[in-house]
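Q: I'd like to ask you about the structure that follows.
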Amino acid sequence: IEPISTSIAVGMAAALTGFLASYQNIFYYFHECCRPEWISFNSSGLKVDLEQKLFGQHIASRIVLKALTGFMNNAQPKKPLVLSLHGSTGTGKNFVSQIIAENIYKEGMDSSFVHVFTSELHFPHASKIDTYKSQLQQWIKGNVTNCGRSMFIFDEMDKMHPGLIDSIKPYLEYYDKVDGVCYRKAIFIFLSNAGGESITQIALDFWRAGQDRQTIDLKDLEVPLSLSVFNNKQSGLWHTSLIDKNLVDYFVPFLPLEHKHIVQCALAEMEAKGMVKNHEVADQLARDLVYFPKAERVFSVKGCKTIESKLDYYT
Ligand SMILES: Nc1ncnc2c1ncn2[C@@H]1O[C@H](COP(=O)(O)OP(=O)(O)OP(=O)(O)O)[C@@H](O)[C@H]1O
């Protein structure tokens with residue numbers, strides 16, 4: 001009797017283990033967790049999305065693909081990836097962050113591992129800066145402890161209090177661990193309009209000289225961008241040592257958008273809304289936007305920003 005009861009017990013234990021394992025797998029299947037089923041980098045997806053969905057940003061597209069591919073394919077990065085996206089309004093900075101999230105997290109921007117902070121929304125009162133600092137640090141620490149592959153997006157970085165930027169500096173460093181937590185697999189994306197004017201000026205110079213926009217190179221923008229970002233006392237970045245400590249891995253410039261890009265945005269929006277693509281309507285909508293400089297009407301003042309809401313009016 002003895003050996004039989006033992007074998008029954010062993011059998012039951014095995015069945016229970018099997019049940020728990022499959023229960024756990026079912027749980028992981030339905031509930032987002034910090035596992036490859038939910039977080040895995042799709043480099044070809046990122047490449048295709050940048051090529052097909054992002055208009056007029058050949059430099060940003062190239063840098064983002066290179067940066068993400070290098071970082072995500074490195075099993076042991078020495079520091080978290082820090083990208084600083086610069087450009088005027090509506091040129092695609094938030095959109096690129098969304099494309100990145102969609103090609104890493106199955107849930108994209110809805111993932112519980114993607115965190116967005118907007119200066120004026122989350123940190124509106126300068127007098128509460130100390131509270132914000134400790135809340136932000138706790139939030140970053142808690143989330144990276146929960147999942148190393150977390151992504152933090154800071155919108156309106158130029159409006160962020162310098163003290164607050166300084167408070168996140170330890171997490172961007174080359175440290176192995178900060179208070180026992182490893183931040184090296186996290187991704188930080190800063191978005192700002194700082195430098196937008198100088199990027200636009202260079203794009204305008206190329207346009208006036210009759211040079212193709214595609215020939216604008218990163219090196220044409222690097223110096224003016226760094227001068228306007230780092231020497232601009234309005235921009236929070238200027239006050240901090242993020243830059244002189246080389247904690248930002250890539251500065252990514254976004255060019256101002258032209259009429260043809262607005263048409264592309266309008267057509268993409270029609271498709272997204274399940275409408276038939278109408279080139280005439282897209283062209284009309286694009287022509288009715290405000291462009292600058294006033295005489296030449298080269299670049300859209302608000303980029304592609306208002307297209308979505310305007311489309312309802314035109315259809
Ligand atoms: N270069 C682009 N290619 C394709 N679509 C774009 C581009 N730029 C903007 N869009 C469209 O316009 C919308 C608004 O752009 P987005 O929010 O990315 O601008 P932004 O640069 O982040 O502006 P802001 O500085 O005001 O935050 C996007 O969701 C996207 O649909």
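Chain labels A, B, ... are given in the sequence in which chains occur in the structure tokens; within each chain residues are numbered consecutively from 1, and ligands are likewise numbered from 1 in the order shown.
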Write out as an mmCIF file with N, CA and C atoms, in the first residue's frame the residues lying within 7 Å of Leu255 of chain A, counting only C-alpha atoms and excluding same-chain residues fewer than 6 positions away.
A:
data_model
loop_
_atom_site.group_PDB
_atom_site.id
_atom_site.type_symbol
_atom_site.label_atom_id
_atom_site.label_comp_id
_atom_site.auth_asym_id
_atom_site.auth_seq_id
_atom_site.Cartn_x
_atom_site.Cartn_y
_atom_site.Cartn_z
ATOM 1 N N GLN A 57 11.402 63.640 -41.638
ATOM 2 C CA GLN A 57 12.375 63.657 -40.527
ATOM 3 C C GLN A 57 13.483 62.624 -40.782
ATOM 4 N N GLY A 87 12.695 70.245 -31.347
ATOM 5 C CA GLY A 87 12.103 70.759 -32.577
ATOM 6 C C GLY A 87 10.863 71.558 -32.259
ATOM 7 N N THR A 91 6.024 68.598 -34.959
ATOM 8 C CA THR A 91 6.938 68.019 -35.949
ATOM 9 C C THR A 91 7.141 66.515 -35.742
ATOM 10 N N ILE A 199 17.067 75.106 -35.552
ATOM 11 C CA ILE A 199 16.902 74.023 -36.534
ATOM 12 C C ILE A 199 16.138 74.574 -37.747
ATOM 13 N N THR A 200 15.084 75.350 -37.445
ATOM 14 C CA THR A 200 14.275 75.935 -38.515
ATOM 15 C C THR A 200 15.106 76.870 -39.387
ATOM 16 N N ALA A 203 17.143 74.867 -41.764
ATOM 17 C CA ALA A 203 16.288 74.296 -42.814
ATOM 18 C C ALA A 203 15.898 75.373 -43.832
#
Q: Neighbouring residues of segment 105-119 of chain A were defined as those with any atom within 6 Å, considering only C-alpha atoms; residues of the same chain fewer than 4 positions away were excluded. Please report them as a PDB file with N, CA and C atoms, in the first residue's frame.
A:
ATOM      1  N   TRP A  38       5.605  40.301 -23.370  1.00  0.00           N
ATOM      2  CA  TRP A  38       5.020  41.640 -23.385  1.00  0.00           C
ATOM      3  C   TRP A  38       6.012  42.723 -23.773  1.00  0.00           C
ATOM      4  N   ILE A  39       7.280  42.420 -23.568  1.00  0.00           N
ATOM      5  CA  ILE A  39       8.308  43.428 -23.886  1.00  0.00           C
ATOM      6  C   ILE A  39       9.348  42.776 -24.777  1.00  0.00           C
ATOM      7  N   ALA A 101       7.611  53.214 -28.363  1.00  0.00           N
ATOM      8  CA  ALA A 101       6.878  52.403 -27.369  1.00  0.00           C
ATOM      9  C   ALA A 101       6.171  51.231 -28.041  1.00  0.00           C
ATOM     10  N   PHE A 123       4.064  68.843 -12.662  1.00  0.00           N
ATOM     11  CA  PHE A 123       4.894  69.633 -11.741  1.00  0.00           C
ATOM     12  C   PHE A 123       4.584  71.122 -11.907  1.00  0.00           C
ATOM     13  N   SER A 150      11.869  49.757 -18.239  1.00  0.00           N
ATOM     14  CA  SER A 150      10.822  50.780 -18.155  1.00  0.00           C
ATOM     15  C   SER A 150      11.203  51.959 -19.034  1.00  0.00           C
ATOM     16  N   MET A 151      10.173  52.675 -19.489  1.00  0.00           N
ATOM     17  CA  MET A 151      10.449  53.840 -20.334  1.00  0.00           C
ATOM     18  C   MET A 151       9.808  55.076 -19.709  1.00  0.00           C
ATOM     19  N   PHE A 152      10.588  56.162 -19.611  1.00  0.00           N
ATOM     20  CA  PHE A 152      10.093  57.401 -19.010  1.00  0.00           C
ATOM     21  C   PHE A 152      10.176  58.521 -20.049  1.00  0.00           C
ATOM     22  N   ILE A 153       9.045  59.145 -20.319  1.00  0.00           N
ATOM     23  CA  ILE A 153       9.028  60.230 -21.306  1.00  0.00           C
ATOM     24  C   ILE A 153       8.744  61.535 -20.561  1.00  0.00           C
ATOM     25  N   PHE A 154       9.617  62.502 -20.726  1.00  0.00           N
ATOM     26  CA  PHE A 154       9.423  63.816 -20.092  1.00  0.00           C
ATOM     27  C   PHE A 154       9.098  64.834 -21.174  1.00  0.00           C
ATOM     28  N   ASP A 155       7.823  65.231 -21.229  1.00  0.00           N
ATOM     29  CA  ASP A 155       7.397  66.214 -22.223  1.00  0.00           C
ATOM     30  C   ASP A 155       7.660  67.619 -21.660  1.00  0.00           C
ATOM     31  N   GLU A 156       7.752  68.602 -22.538  1.00  0.00           N
ATOM     32  CA  GLU A 156       8.004  70.003 -22.142  1.00  0.00           C
ATOM     33  C   GLU A 156       9.212  70.095 -21.216  1.00  0.00           C
ATOM     34  N   MET A 160      10.672  72.385 -17.509  1.00  0.00           N
ATOM     35  CA  MET A 160      10.839  71.662 -16.254  1.00  0.00           C
ATOM     36  C   MET A 160      11.835  72.389 -15.342  1.00  0.00           C
TER      37      MET A 160
END
Q: Could you list the protein, DNA and RNA residues that have any atom within 9 Å of ligand 1, counting only C-alpha atoms and all ligand atoms, and write them as a short mmCIF file (atom, residue, chain, number, x, y, z; two decimals) with N, CA and C atoms, in the first residue's frame?
A:
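The new file out_27.cif reads:
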data_model
loop_
_atom_site.label_atom_id
_atom_site.label_comp_id
_atom_site.auth_asym_id
_atom_site.auth_seq_id
_atom_site.Cartn_x
_atom_site.Cartn_y
_atom_site.Cartn_z
N LEU A 50 9.17 54.04 -38.91
CA LEU A 50 9.86 55.33 -39.10
C LEU A 50 9.87 55.70 -40.58
N GLN A 52 7.72 54.68 -42.94
CA GLN A 52 6.41 54.85 -43.58
C GLN A 52 5.46 55.80 -42.87
N LYS A 53 5.63 55.97 -41.56
CA LYS A 53 4.66 56.80 -40.84
C LYS A 53 5.18 58.19 -40.48
N LEU A 54 6.52 58.29 -40.37
CA LEU A 54 7.09 59.58 -39.96
C LEU A 54 7.53 60.34 -41.20
N PHE A 55 6.98 61.54 -41.40
CA PHE A 55 7.25 62.29 -42.63
C PHE A 55 8.26 63.42 -42.38
N GLY A 56 9.17 63.56 -43.34
CA GLY A 56 10.07 64.71 -43.36
C GLY A 56 11.13 64.76 -42.27
N GLN A 57 11.40 63.64 -41.64
CA GLN A 57 12.37 63.66 -40.53
C GLN A 57 13.48 62.62 -40.78
N LEU A 85 14.86 64.89 -27.65
CA LEU A 85 14.25 65.22 -28.94
C LEU A 85 13.92 66.72 -28.98
N HIS A 86 14.41 67.39 -30.01
CA HIS A 86 14.24 68.84 -30.12
C HIS A 86 13.58 69.25 -31.43
N GLY A 87 12.69 70.25 -31.35
CA GLY A 87 12.10 70.76 -32.58
C GLY A 87 10.86 71.56 -32.26
N SER A 88 10.39 72.28 -33.28
CA SER A 88 9.22 73.12 -33.03
C SER A 88 7.95 72.27 -32.93
N THR A 89 6.86 72.90 -32.59
CA THR A 89 5.63 72.17 -32.29
C THR A 89 5.07 71.40 -33.51
N GLY A 90 4.51 70.22 -33.22
CA GLY A 90 3.84 69.43 -34.26
C GLY A 90 4.75 68.78 -35.28
N THR A 91 6.02 68.60 -34.96
CA THR A 91 6.94 68.02 -35.95
C THR A 91 7.14 66.52 -35.74
N GLY A 92 6.58 65.96 -34.65
CA GLY A 92 6.59 64.51 -34.49
C GLY A 92 7.35 63.96 -33.30
N LYS A 93 7.66 64.79 -32.32
CA LYS A 93 8.44 64.30 -31.17
C LYS A 93 7.64 63.30 -30.33
N ASN A 94 6.40 63.68 -29.98
CA ASN A 94 5.55 62.73 -29.24
C ASN A 94 5.25 61.51 -30.09
N PHE A 95 5.05 61.76 -31.37
CA PHE A 95 4.71 60.68 -32.30
C PHE A 95 5.84 59.63 -32.36
N VAL A 96 7.08 60.10 -32.38
CA VAL A 96 8.22 59.17 -32.42
C VAL A 96 8.30 58.38 -31.10
N SER A 97 8.02 59.05 -29.98
CA SER A 97 8.04 58.34 -28.69
C SER A 97 7.00 57.22 -28.73
N GLN A 98 5.87 57.53 -29.34
CA GLN A 98 4.80 56.53 -29.46
C GLN A 98 5.25 55.36 -30.36
N ASP A 155 7.82 65.23 -21.23
CA ASP A 155 7.40 66.21 -22.22
C ASP A 155 7.66 67.62 -21.66
N GLU A 156 7.75 68.60 -22.54
CA GLU A 156 8.00 70.00 -22.14
C GLU A 156 9.21 70.10 -21.22
N LEU A 191 11.54 65.52 -24.30
CA LEU A 191 10.99 66.24 -25.45
C LEU A 191 11.02 67.73 -25.16
N SER A 192 11.47 68.51 -26.13
CA SER A 192 11.42 69.95 -25.90
C SER A 192 11.42 70.74 -27.19
N ASN A 193 10.93 71.99 -27.08
CA ASN A 193 10.96 72.90 -28.23
C ASN A 193 12.28 73.66 -28.29
N PHE A 254 14.40 67.70 -34.94
CA PHE A 254 13.21 67.53 -35.78
C PHE A 254 13.06 68.77 -36.66
N LEU A 255 12.99 68.54 -37.97
CA LEU A 255 12.90 69.65 -38.92
C LEU A 255 11.47 70.18 -39.00
N PRO A 256 11.32 71.47 -39.35
CA PRO A 256 9.97 72.00 -39.54
C PRO A 256 9.34 71.35 -40.78
N LEU A 257 8.02 71.23 -40.77
CA LEU A 257 7.36 70.50 -41.86
C LEU A 257 6.85 71.42 -42.97
N HIS A 261 4.52 67.58 -46.54
CA HIS A 261 4.44 66.70 -45.37
C HIS A 261 3.05 66.80 -44.71
N ILE A 262 2.49 68.02 -44.77
CA ILE A 262 1.16 68.20 -44.17
C ILE A 262 0.14 67.38 -44.98
N GLN A 264 0.81 64.63 -46.53
CA GLN A 264 1.02 63.23 -46.12
C GLN A 264 0.34 62.95 -44.77
N CYS A 265 0.46 63.90 -43.84
CA CYS A 265 -0.17 63.73 -42.52
C CYS A 265 -1.69 63.63 -42.68
N ALA A 266 -2.25 64.49 -43.54
CA ALA A 266 -3.71 64.48 -43.73
C ALA A 266 -4.16 63.15 -44.33
N ALA A 268 -2.62 60.27 -44.09
CA ALA A 268 -2.44 59.23 -43.07
C ALA A 268 -3.59 59.27 -42.07
N GLU A 269 -4.02 60.49 -41.74
CA GLU A 269 -5.11 60.65 -40.78
C GLU A 269 -6.43 60.11 -41.35
N LYS A 302 2.29 75.12 -37.13
CA LYS A 302 1.97 74.11 -36.11
C LYS A 302 2.28 72.69 -36.57
N GLY A 303 3.11 72.58 -37.59
CA GLY A 303 3.45 71.25 -38.09
C GLY A 303 2.20 70.50 -38.48
N CYS A 304 2.13 69.23 -38.06
CA CYS A 304 0.95 68.41 -38.39
C CYS A 304 -0.03 68.38 -37.22
N LYS A 305 0.18 69.26 -36.27
CA LYS A 305 -0.54 69.14 -35.00
C LYS A 305 -2.07 69.23 -35.09
N THR A 306 -2.58 70.13 -35.92
CA THR A 306 -4.03 70.34 -35.87
C THR A 306 -4.79 69.55 -36.94
N ILE A 307 -4.06 68.72 -37.68
CA ILE A 307 -4.68 68.02 -38.82
C ILE A 307 -5.88 67.18 -38.38
N GLU A 308 -5.70 66.43 -37.31
CA GLU A 308 -6.75 65.49 -36.90
C GLU A 308 -8.09 66.20 -36.68
#
Q: Quote the spacing between atom CA of Lys185 of chain A and atom CA of Ile168 of chain A in Å to one decimal place.
A: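 That distance, rounded to one decimal, is 15.3 Å.
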Q: Run DSSP on the backbone and grab whatever in segment 30-233 of chain A lands in strand (DSSP E); send it over as an NGL selection string.
A: :A and (81-86 or 114-118 or 151-155 or 187-192)
